[in-house]
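**Q** So I've got this file, data-v7.cif, and it contains mmCIF, C-alpha atoms and all ligand atoms:
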```cif
data_run
#
loop_
_atom_site.label_atom_id
_atom_site.label_comp_id
_atom_site.auth_asym_id
_atom_site.auth_seq_id
_atom_site.Cartn_x
_atom_site.Cartn_y
_atom_site.Cartn_z
CA MET A 1 -1.92 11.62 -23.92
CA ARG A 2 -1.22 13.56 -20.75
CA ALA A 3 0.82 12.31 -17.82
CA ALA A 4 1.58 13.77 -14.37
CA ALA A 5 5.37 13.50 -14.41
CA PHE A 6 7.90 14.14 -11.67
CA THR A 7 10.07 16.83 -13.31
CA ASP A 8 11.98 17.86 -10.18
CA LEU A 9 12.61 15.74 -7.06
CA VAL A 10 11.58 18.49 -4.65
CA GLY A 11 8.29 17.14 -3.25
CA PRO A 12 4.74 17.99 -4.42
CA ASP A 13 5.85 21.13 -6.35
CA GLY A 14 7.91 18.89 -8.62
CA VAL A 15 4.89 17.42 -10.46
CA SER A 16 3.99 18.76 -13.94
CA VAL A 17 1.45 17.61 -16.50
CA VAL A 18 3.31 16.73 -19.73
CA ASP A 19 2.27 15.47 -23.16
CA ARG A 20 3.48 12.05 -24.19
CA PRO A 21 2.92 10.01 -27.38
CA ASP A 22 0.04 7.52 -27.06
CA PRO A 23 1.64 4.16 -26.19
CA GLU A 24 1.32 1.12 -28.47
CA PRO A 25 1.04 -2.34 -26.93
CA ALA A 26 3.78 -4.84 -27.82
CA GLN A 27 3.30 -8.60 -27.70
CA GLY A 28 1.80 -9.63 -24.34
CA GLN A 29 0.96 -6.04 -23.43
CA ALA A 30 -2.21 -3.98 -23.17
CA VAL A 31 -2.81 -0.25 -23.12
CA VAL A 32 -5.25 0.69 -20.37
CA ASP A 33 -7.25 3.93 -20.23
CA VAL A 34 -6.50 4.86 -16.64
CA ASP A 35 -9.70 5.74 -14.77
CA ALA A 36 -7.98 5.76 -11.41
CA CYS A 37 -4.48 5.50 -9.97
CA ALA A 38 -3.99 5.54 -6.19
CA ILE A 39 -0.84 7.14 -4.82
CA ASN A 40 1.36 5.68 -2.11
CA ARG A 41 4.10 6.84 0.23
CA HIS A 42 6.41 4.96 -2.18
CA ASP A 43 5.68 7.57 -4.90
CA LEU A 44 6.25 10.38 -2.39
CA TRP A 45 9.68 8.94 -1.43
CA ILE A 46 10.61 9.16 -5.13
CA LEU A 47 9.18 12.69 -5.47
CA ASP A 48 11.13 13.77 -2.38
CA GLY A 49 14.37 12.45 -3.91
CA ASP A 50 14.52 9.87 -1.12
CA SER A 51 14.43 6.68 -3.21
CA ALA A 52 17.44 4.80 -4.55
CA MET A 53 15.26 3.81 -7.51
CA VAL A 54 14.98 7.18 -9.27
CA ASP A 55 17.45 10.05 -9.56
CA ALA A 56 17.75 13.26 -11.60
CA ALA A 57 18.95 11.32 -14.66
CA ASP A 58 15.58 9.50 -14.80
CA LEU A 59 13.47 12.69 -15.07
CA PRO A 60 10.81 13.27 -16.18
CA PHE A 61 9.54 10.18 -14.34
CA VAL A 62 5.94 8.95 -14.39
CA SER A 63 5.16 7.10 -11.18
CA GLY A 64 1.91 5.44 -10.12
CA LEU A 65 1.57 1.72 -9.32
CA ASP A 66 -2.11 1.21 -8.62
CA VAL A 67 -3.83 1.36 -12.01
CA ALA A 68 -7.50 0.57 -12.65
CA GLY A 69 -9.35 1.29 -15.88
CA VAL A 70 -10.53 -0.05 -19.20
CA VAL A 71 -8.42 -1.92 -21.77
CA ARG A 72 -8.04 0.30 -24.87
CA ALA A 73 -5.78 -1.84 -27.10
CA VAL A 74 -3.95 -5.17 -26.92
CA GLY A 75 -0.85 -6.63 -28.56
CA ASP A 76 -0.51 -10.20 -29.80
CA ASP A 77 -1.09 -13.06 -27.34
CA ALA A 78 -3.38 -10.98 -25.16
CA SER A 79 -5.73 -12.70 -22.77
CA VAL A 80 -7.84 -9.54 -22.38
CA GLU A 81 -9.94 -7.57 -24.86
CA PRO A 82 -10.58 -3.90 -25.49
CA GLY A 83 -13.39 -2.79 -23.20
CA ASP A 84 -12.43 -5.13 -20.31
CA ARG A 85 -12.43 -3.46 -16.88
CA VAL A 86 -9.24 -4.30 -15.00
CA VAL A 87 -6.96 -3.56 -12.07
CA LEU A 88 -3.18 -3.99 -12.37
CA CYS A 89 -1.08 -6.07 -10.00
CA PRO A 90 2.06 -3.86 -9.99
CA ASN A 91 4.44 -6.76 -9.27
CA GLU A 92 7.17 -7.31 -11.85
CA THR A 93 8.98 -10.66 -11.62
CA CYS A 94 11.35 -12.77 -13.72
CA GLY A 95 8.77 -15.50 -14.31
CA VAL A 96 11.29 -18.36 -14.20
CA CYS A 97 12.91 -18.54 -10.74
CA ARG A 98 11.71 -21.00 -8.10
CA PHE A 99 9.61 -18.33 -6.36
CA CYS A 100 7.93 -17.42 -9.65
CA ARG A 101 7.30 -21.14 -10.28
CA ASP A 102 6.30 -22.31 -6.81
CA GLY A 103 5.54 -19.05 -4.98
CA PRO A 104 5.42 -16.71 -3.29
CA GLU A 105 6.17 -14.58 -6.34
CA ASN A 106 7.06 -11.52 -4.25
CA LEU A 107 10.26 -13.33 -3.16
CA CYS A 108 11.50 -13.31 -6.79
CA ALA A 109 15.15 -12.17 -6.81
CA GLU A 110 14.32 -9.85 -9.73
CA PHE A 111 11.25 -8.41 -7.98
CA SER A 112 10.41 -4.86 -9.00
CA LEU A 113 7.37 -2.64 -9.36
CA TYR A 114 5.41 -1.17 -12.24
CA HIS A 115 5.44 2.63 -12.54
CA GLY A 116 3.47 4.71 -15.04
CA GLY A 117 -0.13 4.90 -13.85
CA LEU A 118 -0.23 8.66 -13.28
CA ALA A 119 -1.20 9.16 -16.93
CA GLU A 120 -4.24 8.93 -19.19
CA GLN A 121 -2.93 5.66 -20.64
CA ALA A 122 -0.70 2.97 -19.17
CA VAL A 123 1.03 0.20 -21.08
CA VAL A 124 1.11 -2.94 -18.94
CA SER A 125 1.75 -6.66 -19.10
CA VAL A 126 -1.54 -8.52 -19.72
CA ASP A 127 -0.44 -11.25 -17.32
CA ARG A 128 -0.67 -8.71 -14.50
CA LEU A 129 -4.27 -7.65 -15.16
CA VAL A 130 -7.03 -8.79 -12.83
CA ALA A 131 -10.58 -8.62 -14.19
CA LEU A 132 -13.06 -6.47 -12.27
CA PRO A 133 -16.60 -7.66 -11.60
CA ASP A 134 -19.32 -5.13 -12.52
CA ASP A 135 -19.94 -4.28 -8.86
CA VAL A 136 -16.33 -3.13 -8.19
CA ASP A 137 -15.77 0.39 -9.53
CA THR A 138 -12.35 1.47 -10.76
CA THR A 139 -11.69 4.05 -8.00
CA THR A 140 -12.33 1.38 -5.38
CA ALA A 141 -10.17 -1.10 -7.28
CA ALA A 142 -7.26 1.36 -7.58
CA ALA A 143 -7.15 1.60 -3.78
CA LEU A 144 -6.34 -2.12 -3.49
CA PRO A 145 -2.99 -3.10 -5.04
CA THR A 146 -0.20 -1.59 -2.97
CA ALA A 147 -1.80 -0.76 0.39
CA TYR A 148 -4.35 -3.55 0.74
CA MET A 149 -2.32 -6.27 -0.97
CA THR A 150 0.65 -5.48 1.28
CA ALA A 151 -1.46 -5.43 4.47
CA TYR A 152 -3.30 -8.61 3.47
CA HIS A 153 -0.06 -10.46 2.75
CA MET A 154 1.36 -9.37 6.14
CA LEU A 155 -1.76 -10.51 8.00
CA ARG A 156 -1.67 -13.87 6.23
CA ARG A 157 2.02 -14.33 7.03
CA ALA A 158 1.31 -13.43 10.67
CA ASP A 159 -1.34 -16.19 10.76
CA VAL A 160 -3.91 -13.71 12.05
CA GLY A 161 -7.20 -15.37 12.93
CA PRO A 162 -10.43 -14.87 14.85
CA GLY A 163 -9.98 -13.36 18.32
CA ASP A 164 -6.37 -12.26 17.76
CA LEU A 165 -5.33 -8.78 18.81
CA VAL A 166 -3.48 -6.93 16.00
CA PHE A 167 -1.45 -3.80 16.76
CA VAL A 168 -1.18 -1.23 13.95
CA PRO A 169 1.13 1.69 14.79
CA GLY A 170 0.03 4.49 12.44
CA ALA A 171 -3.48 3.21 11.73
CA THR A 172 -4.73 6.12 9.61
CA GLY A 173 -2.81 5.92 6.29
CA GLY A 174 -2.93 3.58 3.32
CA VAL A 175 -1.40 0.40 4.80
CA GLY A 176 -2.63 1.22 8.32
CA VAL A 177 -6.31 1.54 7.45
CA ALA A 178 -6.04 -1.50 5.17
CA GLY A 179 -4.54 -3.48 8.06
CA VAL A 180 -7.40 -2.49 10.38
CA GLN A 181 -10.14 -3.29 7.87
CA LEU A 182 -8.64 -6.62 6.80
CA ALA A 183 -7.83 -7.74 10.36
CA ASN A 184 -11.47 -7.01 11.12
CA ALA A 185 -12.57 -9.09 8.15
CA MET A 186 -10.48 -11.96 9.57
CA GLY A 187 -12.31 -11.72 12.90
CA ALA A 188 -9.38 -10.15 14.76
CA ARG A 189 -9.49 -7.16 17.14
CA THR A 190 -7.32 -4.12 16.47
CA VAL A 191 -5.44 -1.50 18.42
CA GLY A 192 -4.13 1.43 16.38
CA THR A 193 -2.34 4.72 16.95
CA SER A 194 -2.19 8.17 15.40
CA SER A 195 -1.16 11.72 16.25
CA SER A 196 -4.72 12.82 15.44
CA SER A 197 -7.88 12.11 17.44
CA SER A 198 -10.12 13.19 14.55
CA LYS A 199 -8.45 10.74 12.14
CA LEU A 200 -8.69 7.99 14.77
CA ALA A 201 -12.43 8.68 15.09
CA GLN A 202 -12.76 8.07 11.33
CA VAL A 203 -10.81 4.81 11.54
CA GLU A 204 -13.07 3.70 14.40
CA THR A 205 -16.00 3.97 11.99
CA LEU A 206 -14.02 1.62 9.70
CA GLY A 207 -13.66 -0.97 12.48
CA LEU A 208 -10.73 0.06 14.72
CA ASP A 209 -11.50 -1.38 18.19
CA HIS A 210 -8.98 0.51 20.36
CA ALA A 211 -7.86 3.97 19.24
CA LEU A 212 -4.79 5.45 20.94
CA GLU A 213 -3.83 9.07 20.30
CA VAL A 214 -0.12 8.72 20.95
CA THR A 215 3.20 9.07 19.11
CA ASP A 216 5.81 8.97 21.89
CA PRO A 217 7.24 5.41 21.90
CA ASP A 218 7.30 4.99 25.70
CA THR A 219 3.76 6.28 26.15
CA MET A 220 2.66 4.04 23.27
CA ARG A 221 4.23 0.99 24.96
CA SER A 222 2.18 1.43 28.13
CA ALA A 223 -1.02 2.50 26.31
CA VAL A 224 -0.97 -0.67 24.18
CA ALA A 225 -0.15 -2.82 27.23
CA ASP A 226 -3.29 -1.41 28.90
CA VAL A 227 -5.35 -2.80 26.00
CA GLY A 228 -3.70 -6.23 25.94
CA GLU A 229 -0.81 -8.26 24.51
CA PRO A 230 -0.99 -8.18 20.72
CA ASP A 231 -0.70 -11.50 18.88
CA ALA A 232 0.55 -9.69 15.78
CA VAL A 233 1.99 -6.30 14.85
CA LEU A 234 1.68 -4.71 11.39
CA ASN A 235 4.62 -2.34 11.28
CA HIS A 236 4.86 0.04 8.32
CA LEU A 237 6.45 2.88 10.36
CA GLY A 238 9.77 1.23 11.25
CA GLY A 239 12.06 3.42 13.38
CA PRO A 240 11.47 3.32 17.16
CA TYR A 241 8.04 1.73 16.69
CA THR A 242 9.81 -1.51 15.75
CA ALA A 243 11.13 -1.84 19.31
CA VAL A 244 7.71 -0.88 20.69
CA GLY A 245 6.00 -3.59 18.61
CA LEU A 246 8.49 -6.19 19.77
CA ASP A 247 8.15 -5.17 23.42
CA VAL A 248 4.35 -5.21 23.58
CA MET A 249 3.57 -8.40 21.69
CA ARG A 250 2.88 -11.64 23.51
CA ARG A 251 5.26 -14.59 23.76
CA GLY A 252 5.31 -16.24 20.34
CA GLY A 253 3.89 -13.10 18.74
CA ARG A 254 4.64 -12.09 15.17
CA MET A 255 5.65 -8.69 13.80
CA LEU A 256 5.63 -8.08 10.06
CA VAL A 257 7.57 -5.04 8.85
CA CYS A 258 7.02 -3.40 5.45
CA GLY A 259 8.10 0.22 5.83
CA ARG A 260 10.35 2.84 7.38
CA THR A 261 8.27 6.04 7.44
CA ALA A 262 9.54 6.85 10.96
CA GLY A 263 13.11 5.70 10.35
CA GLY A 264 15.30 2.94 9.01
CA THR A 265 16.82 1.69 12.25
CA SER A 266 15.62 0.59 15.67
CA GLU A 267 17.35 -0.67 18.80
CA ILE A 268 15.70 -3.90 19.90
CA ASP A 269 15.82 -5.95 23.09
CA VAL A 270 17.54 -9.12 21.86
CA PRO A 271 16.89 -11.31 24.97
CA ASP A 272 13.18 -10.39 24.81
CA LEU A 273 13.20 -11.55 21.18
CA PHE A 274 14.63 -14.98 21.89
CA LEU A 275 13.26 -15.64 25.36
CA GLY A 276 9.81 -14.64 24.12
CA HIS A 277 10.02 -16.76 20.94
CA LYS A 278 8.95 -13.68 19.00
CA ARG A 279 9.08 -13.48 15.22
CA VAL A 280 10.05 -10.40 13.21
CA GLU A 281 9.74 -10.71 9.44
CA GLY A 282 10.17 -8.34 6.56
CA SER A 283 7.48 -8.32 3.90
CA THR A 284 7.12 -6.55 0.58
CA MET A 285 3.91 -6.23 -1.45
CA GLY A 286 1.94 -9.48 -1.88
CA THR A 287 0.98 -11.88 -4.63
CA GLN A 288 -1.36 -11.44 -7.57
CA ARG A 289 -3.50 -14.15 -5.96
CA ASP A 290 -3.78 -11.88 -2.89
CA LEU A 291 -5.06 -9.08 -5.12
CA GLU A 292 -7.56 -11.43 -6.79
CA ARG A 293 -8.87 -12.46 -3.35
CA LEU A 294 -9.18 -8.80 -2.32
CA VAL A 295 -11.23 -8.01 -5.45
CA ASP A 296 -13.51 -10.96 -4.54
CA LEU A 297 -13.82 -9.75 -0.93
CA VAL A 298 -14.83 -6.27 -2.12
CA SER A 299 -17.29 -7.75 -4.60
CA SER A 300 -18.87 -9.91 -1.89
CA GLY A 301 -19.25 -6.87 0.39
CA THR A 302 -16.78 -8.10 3.04
CA PHE A 303 -15.06 -4.71 3.10
CA THR A 304 -14.90 -1.50 1.10
CA PRO A 305 -11.49 0.17 0.78
CA ALA A 306 -11.37 3.64 2.30
CA VAL A 307 -10.88 6.33 -0.34
CA ALA A 308 -10.23 9.73 1.22
CA GLU A 309 -10.34 11.87 -1.90
CA THR A 310 -10.02 11.81 -5.70
CA TYR A 311 -7.99 14.31 -7.72
CA PRO A 312 -7.98 15.10 -11.47
CA LEU A 313 -4.63 14.51 -13.20
CA GLU A 314 -3.65 18.19 -13.09
CA GLU A 315 -4.03 18.17 -9.29
CA THR A 316 -1.66 15.23 -8.74
CA GLY A 317 0.75 17.57 -6.91
CA ALA A 318 -2.09 18.51 -4.52
CA ALA A 319 -2.70 14.81 -3.85
CA PHE A 320 0.95 14.42 -2.80
CA ALA A 321 0.74 17.59 -0.69
CA ALA A 322 -2.27 16.05 1.09
CA MET A 323 -0.28 12.88 1.77
CA GLN A 324 2.57 14.97 3.14
CA ASP A 325 0.18 17.00 5.35
CA ARG A 326 -1.16 13.78 6.97
CA GLU A 327 -4.70 15.15 7.17
CA ARG A 328 -6.68 12.50 5.27
CA VAL A 329 -7.77 9.00 6.22
CA GLY A 330 -7.59 6.36 3.49
CA LYS A 331 -6.36 6.33 -0.06
CA LEU A 332 -5.74 9.36 -2.28
CA VAL A 333 -6.70 8.52 -5.85
CA VAL A 334 -5.84 10.40 -9.06
CA THR A 335 -8.47 10.07 -11.82
CA PRO A 336 -6.63 10.80 -15.12
CA SER A 337 -9.57 10.29 -17.48
CA ALA A 338 -12.08 12.26 -15.36
N1 LIG A 401 7.36 -2.97 1.41
C1 LIG A 401 6.22 -2.78 0.74
O1 LIG A 401 5.84 -3.57 -0.10
C2 LIG A 401 5.38 -1.61 1.08
C3 LIG A 401 4.10 -1.49 0.53
C4 LIG A 401 3.32 -0.40 0.92
C5 LIG A 401 3.83 0.55 1.80
N2 LIG A 401 5.09 0.40 2.27
C6 LIG A 401 5.64 1.38 3.22
O2 LIG A 401 4.75 1.47 4.31
C7 LIG A 401 4.71 2.81 4.78
C8 LIG A 401 3.27 3.33 4.76
O3 LIG A 401 2.87 3.56 3.42
P1 LIG A 401 1.48 4.28 3.15
O4 LIG A 401 1.37 4.45 1.68
O5 LIG A 401 0.41 3.62 3.92
O6 LIG A 401 1.80 5.73 3.80
P2 LIG A 401 0.83 6.82 4.40
O7 LIG A 401 -0.56 6.64 3.88
O8 LIG A 401 1.47 8.13 4.17
O9 LIG A 401 0.86 6.50 5.98
C9 LIG A 401 0.37 7.43 6.85
C10 LIG A 401 0.45 6.88 8.27
O10 LIG A 401 1.80 6.99 8.71
C11 LIG A 401 1.83 7.79 9.90
N3 LIG A 401 3.02 8.64 9.87
C12 LIG A 401 3.45 9.40 8.84
N4 LIG A 401 4.62 10.00 9.15
C13 LIG A 401 4.93 9.58 10.41
C14 LIG A 401 6.03 9.82 11.29
N5 LIG A 401 7.04 10.62 10.93
N6 LIG A 401 6.02 9.22 12.51
C15 LIG A 401 5.01 8.42 12.87
N7 LIG A 401 3.95 8.14 12.07
C16 LIG A 401 3.91 8.72 10.86
C17 LIG A 401 0.56 8.61 9.87
O11 LIG A 401 0.25 8.89 11.23
P3 LIG A 401 -0.69 10.11 11.69
O12 LIG A 401 -2.08 9.56 11.74
O13 LIG A 401 -0.15 10.45 13.02
O14 LIG A 401 -0.54 11.20 10.66
C18 LIG A 401 -0.42 7.66 9.22
O15 LIG A 401 -0.98 6.77 10.16
C19 LIG A 401 5.70 3.59 3.93
O16 LIG A 401 6.95 3.59 4.58
C20 LIG A 401 5.77 2.77 2.65
O17 LIG A 401 6.96 2.97 1.94
C21 LIG A 401 5.87 -0.65 1.93
ZN ZN A 402 11.38 -14.82 -10.37
#
```
Re-express the file's structure as structure tokens.
**A**
Amino acid sequence: MRAAAFTDLVGPDGVSVVDRPDPEPAQGQAVVDVDACAINRHDLWILDGDSAMVDAADLPFVSGLDVAGVVRAVGDDASVEPGDRVVLCPNETCGVCRFCRDGPENLCAEFSLYHGGLAEQAVVSVDRLVALPDDVDTTTAAALPTAYMTAYHMLRRADVGPGDLVFVPGATGGVGVAGVQLANAMGARTVGTSSSSSKLAQVETLGLDHALEVTDPDTMRSAVADVGEPDAVLNHLGGPYTAVGLDVMRRGGRMLVCGRTAGGTSEIDVPDLFLGHKRVEGSTMGTQRDLERLVDLVSSGTFTPAVAETYPLEETGAAFAAMQDRERVGKLVVTPSA
């Protein structure tokens, strides 16, 4: 089988298509023919050599978390059958700690992520497969795990409900668009930012209520304040936008943080935090139950994940270049068996 491997950690030019032996499923595993694998900023951090997880000694490295496809073969004790259409929950957990027993599983001390979906076949744990209804296609399903599951988990933890105002700095990428669409589905209003008016116009068609073309933190602060006081902030950018989110949200507001695209540190106003009873929480991925709910919501027509473009396996490097260029709205999906 072919795989799009990272052979050099130099950005999009470091991806090469390589031949690998067809995988065999061990006990509790399945081999999935990968119809679709969405890419995430997480993969690009690795490809840029900016992830503590992968270094030169690990090359060639096959990334890709968000696998959807058809089960090809199963090992013993499999709860799925060849021919089943599935999407993978990329969470990897110990299975025995108190968070694995009682939830939420993404707090597991051994929490890690599946990698290997940027290939024609992926060998996965059957326990992590979610069945797809006939009306959810595999490209749509592949968009869900990392971006939508993460955004959904953050919105749930922020207790977002009808009428709330949710602020999404950087509302045009994977997690950003997911946050807008899912906040909408929860009856909340959204205010989102981008450096691009044309991308914002696209996100408005997906439900963004207040589009702000702004990147400068001070200008952003006053532009959001003109819209209102957000009840919740979905912060995947980190950096200076963390202070902005904290400043603009209402007393008792909640900010969930899942990323650091714009930087790993931020200077915050500590008295504003405590006098305003504001909550800032870190959040990583979500639970398999979140992913199951998302599949149901897609199936029932509540929302359709935004897919910007699909790429054949040999154009995986171009997909990462598109992510780096920041020109597309929604998920970029590689289709290995196309
Ligand atoms: N902890 C977790 O479990 C988890 C899960 C998923 C994602 N994440 C993290 O969340 C972040 C977003 O991931 P993603 O896959 O959604 O990425 P993405 O699709 O590349 O996000 C693109 C968005 O980020 C904005 N952006 C990019 N570079 C920027 C910069 N230097 N300054 C300001 N805005 C910038 C873009 O704004 P423009 O519209 O202006 O281009 C766009 O709105 C990443 O840091 C990722 O690692 C974490
Ligand atoms: Zn555990």
**Q** All residues within 8 Å of ligand ZN 402 (chain A) are required, counting all atoms listed in the file; please report them as a list in words.
**A**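 Answer in the requested format: Thr93, Cys94, Gly95, Val96, Cys97, Arg98, Phe99, Cys100, Arg101, Glu105, Leu107, Cys108, Ala109, Glu110 and Phe111 of chain A.
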**Q** Write out the residues from the selection above, keeping C-alpha atoms, as a CSV table (one decimal), in the frame of the given file.
**A**
```
chain,number,residue,atom,x,y,z
A,93,THR,CA,9.0,-10.7,-11.6
A,94,CYS,CA,11.4,-12.8,-13.7
A,95,GLY,CA,8.8,-15.5,-14.3
A,96,VAL,CA,11.3,-18.4,-14.2
A,97,CYS,CA,12.9,-18.5,-10.7
A,98,ARG,CA,11.7,-21.0,-8.1
A,99,PHE,CA,9.6,-18.3,-6.4
A,100,CYS,CA,7.9,-17.4,-9.6
A,101,ARG,CA,7.3,-21.1,-10.3
A,105,GLU,CA,6.2,-14.6,-6.3
A,107,LEU,CA,10.3,-13.3,-3.2
A,108,CYS,CA,11.5,-13.3,-6.8
A,109,ALA,CA,15.2,-12.2,-6.8
A,110,GLU,CA,14.3,-9.8,-9.7
A,111,PHE,CA,11.2,-8.4,-8.0
```
**Q** Taking only C-alpha atoms into account, which of A:Leu256, A:Leu113, A:Val233, A:Ala183 comes nearest Met154 (chain A)?
**A** A:Leu256
**Q** Using all atoms listed in the file, which protein or nucleic acid residues come within 6 Å of Ser195 (chain A)? Drop anything in the same chain fewer than 6 positions from it, and give the result as number ranges by chain.
**A** A: 213-215
**Q** Could you list the protein, DNA and RNA residues that have any atom within 6 Å of ligand LIG 401 (chain A), counting only C-alpha atoms and all ligand atoms, and write them as a ChimeraX atom specification?
**A** /A:40-42,146-147,150,170-176,194-196,236-237,258-262,283-285,323,326
**Q** Using only C-alpha atoms, which protein or nucleic acid residues come within 8 Å of region 311-316 of chain A? Drop anything in the same chain fewer than 3 positions from it, and give the result as a PyMOL selection string.
**A** chain A and resi 3-4+15-17+118-119+319-320+332-338
**Q** Please, which residues are within 12 Å of (1.0, -3.1, -14.6) by the file's coordinates, counting only C-alpha atoms, and could they come as a VMD selection string?
**A** chain A and resid 28 to 32 34 37 63 to 69 71 86 to 93 112 to 118 121 to 130 142 145 to 146 288
**Q** If I take CA of His210 (chain A) and CA of Pro230 (chain A), how far is one from the other in Å, to one decimal?
**A**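 We find that CA of His210 (chain A) and CA of Pro230 (chain A) lie 11.8 Å from each other.
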**Q** Show which residues sit within 10 Å of Arg221 (chain A), as a list in words. Count all atoms listed in the file, and ignore same-chain residues fewer than 3 positions away.
**A** Val214, Asp216, Pro217, Asp218, Val224, Ala225, Asp226, Tyr241, Ala243, Val244, Gly245, Leu246, Asp247, Val248 and Met249 of chain A
**Q** Just the number, please: distance in Å from CA of Glu120 (chain A) to CA of Ala26 (chain A), one decimal.
**A**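 Rounded to one decimal, the two atoms are 18.1 Å apart.
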**Q** Please measure the separation of CA of Gly286 (chain A) and CA of Arg254 (chain A), giving the value in Å to one decimal.
**A**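 CA of Arg254 (chain A) lies 17.5 Å from CA of Gly286 (chain A).
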**Q** Quick one: residues within 10 Å of Phe6 (chain A), all atoms listed in the file, excluding same-chain residues fewer than 4 positions away - as an MDAnalysis selection string?
**A** chainID A and resid 10:18 43 46:48 56 58:63 118 317
**Q** Excluding Thr304 (chain A) and residues on its chain fewer than 2 positions from it, collect all residues at most 12 Å away from it, counting only C-alpha atoms, and give them as an MDAnalysis selection string.
**A** chainID A and resid 135:137 139:144 148 177:178 180:182 184:185 206:207 294:302 306:307 330:331
**Q** Fix up region 179-190 of chain A with N, CA and C atoms, then write it as an mmCIF file, in the frame of the given file.
**A**
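Final output, selection.cif:
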```cif
data_model
loop_
_atom_site.group_PDB
_atom_site.id
_atom_site.type_symbol
_atom_site.label_atom_id
_atom_site.label_comp_id
_atom_site.auth_asym_id
_atom_site.auth_seq_id
_atom_site.Cartn_x
_atom_site.Cartn_y
_atom_site.Cartn_z
ATOM 1 N N GLY A 179 -4.808 -2.473 7.028
ATOM 2 C CA GLY A 179 -4.540 -3.480 8.060
ATOM 3 C C GLY A 179 -5.698 -3.606 9.036
ATOM 4 N N VAL A 180 -6.265 -2.472 9.445
ATOM 5 C CA VAL A 180 -7.400 -2.490 10.380
ATOM 6 C C VAL A 180 -8.609 -3.167 9.728
ATOM 7 N N GLN A 181 -8.937 -2.741 8.512
ATOM 8 C CA GLN A 181 -10.140 -3.290 7.870
ATOM 9 C C GLN A 181 -10.004 -4.788 7.599
ATOM 10 N N LEU A 182 -8.816 -5.208 7.163
ATOM 11 C CA LEU A 182 -8.640 -6.620 6.800
ATOM 12 C C LEU A 182 -8.511 -7.501 8.044
ATOM 13 N N ALA A 183 -7.879 -6.976 9.106
ATOM 14 C CA ALA A 183 -7.830 -7.740 10.360
ATOM 15 C C ALA A 183 -9.249 -7.968 10.865
ATOM 16 N N ASN A 184 -10.053 -6.916 10.765
ATOM 17 C CA ASN A 184 -11.470 -7.010 11.120
ATOM 18 C C ASN A 184 -12.175 -8.095 10.338
ATOM 19 N N ALA A 185 -11.920 -8.095 9.019
ATOM 20 C CA ALA A 185 -12.570 -9.090 8.150
ATOM 21 C C ALA A 185 -12.146 -10.507 8.528
ATOM 22 N N MET A 186 -10.962 -10.634 9.142
ATOM 23 C CA MET A 186 -10.480 -11.960 9.570
ATOM 24 C C MET A 186 -10.953 -12.299 10.972
ATOM 25 N N GLY A 187 -11.759 -11.440 11.572
ATOM 26 C CA GLY A 187 -12.310 -11.720 12.900
ATOM 27 C C GLY A 187 -11.398 -11.320 14.039
ATOM 28 N N ALA A 188 -10.325 -10.576 13.719
ATOM 29 C CA ALA A 188 -9.380 -10.150 14.760
ATOM 30 C C ALA A 188 -9.827 -8.811 15.350
ATOM 31 N N ARG A 189 -9.280 -8.479 16.529
ATOM 32 C CA ARG A 189 -9.490 -7.160 17.140
ATOM 33 C C ARG A 189 -8.255 -6.316 16.824
ATOM 34 N N THR A 190 -8.440 -4.986 16.852
ATOM 35 C CA THR A 190 -7.320 -4.120 16.470
ATOM 36 C C THR A 190 -7.094 -3.020 17.494
#
```
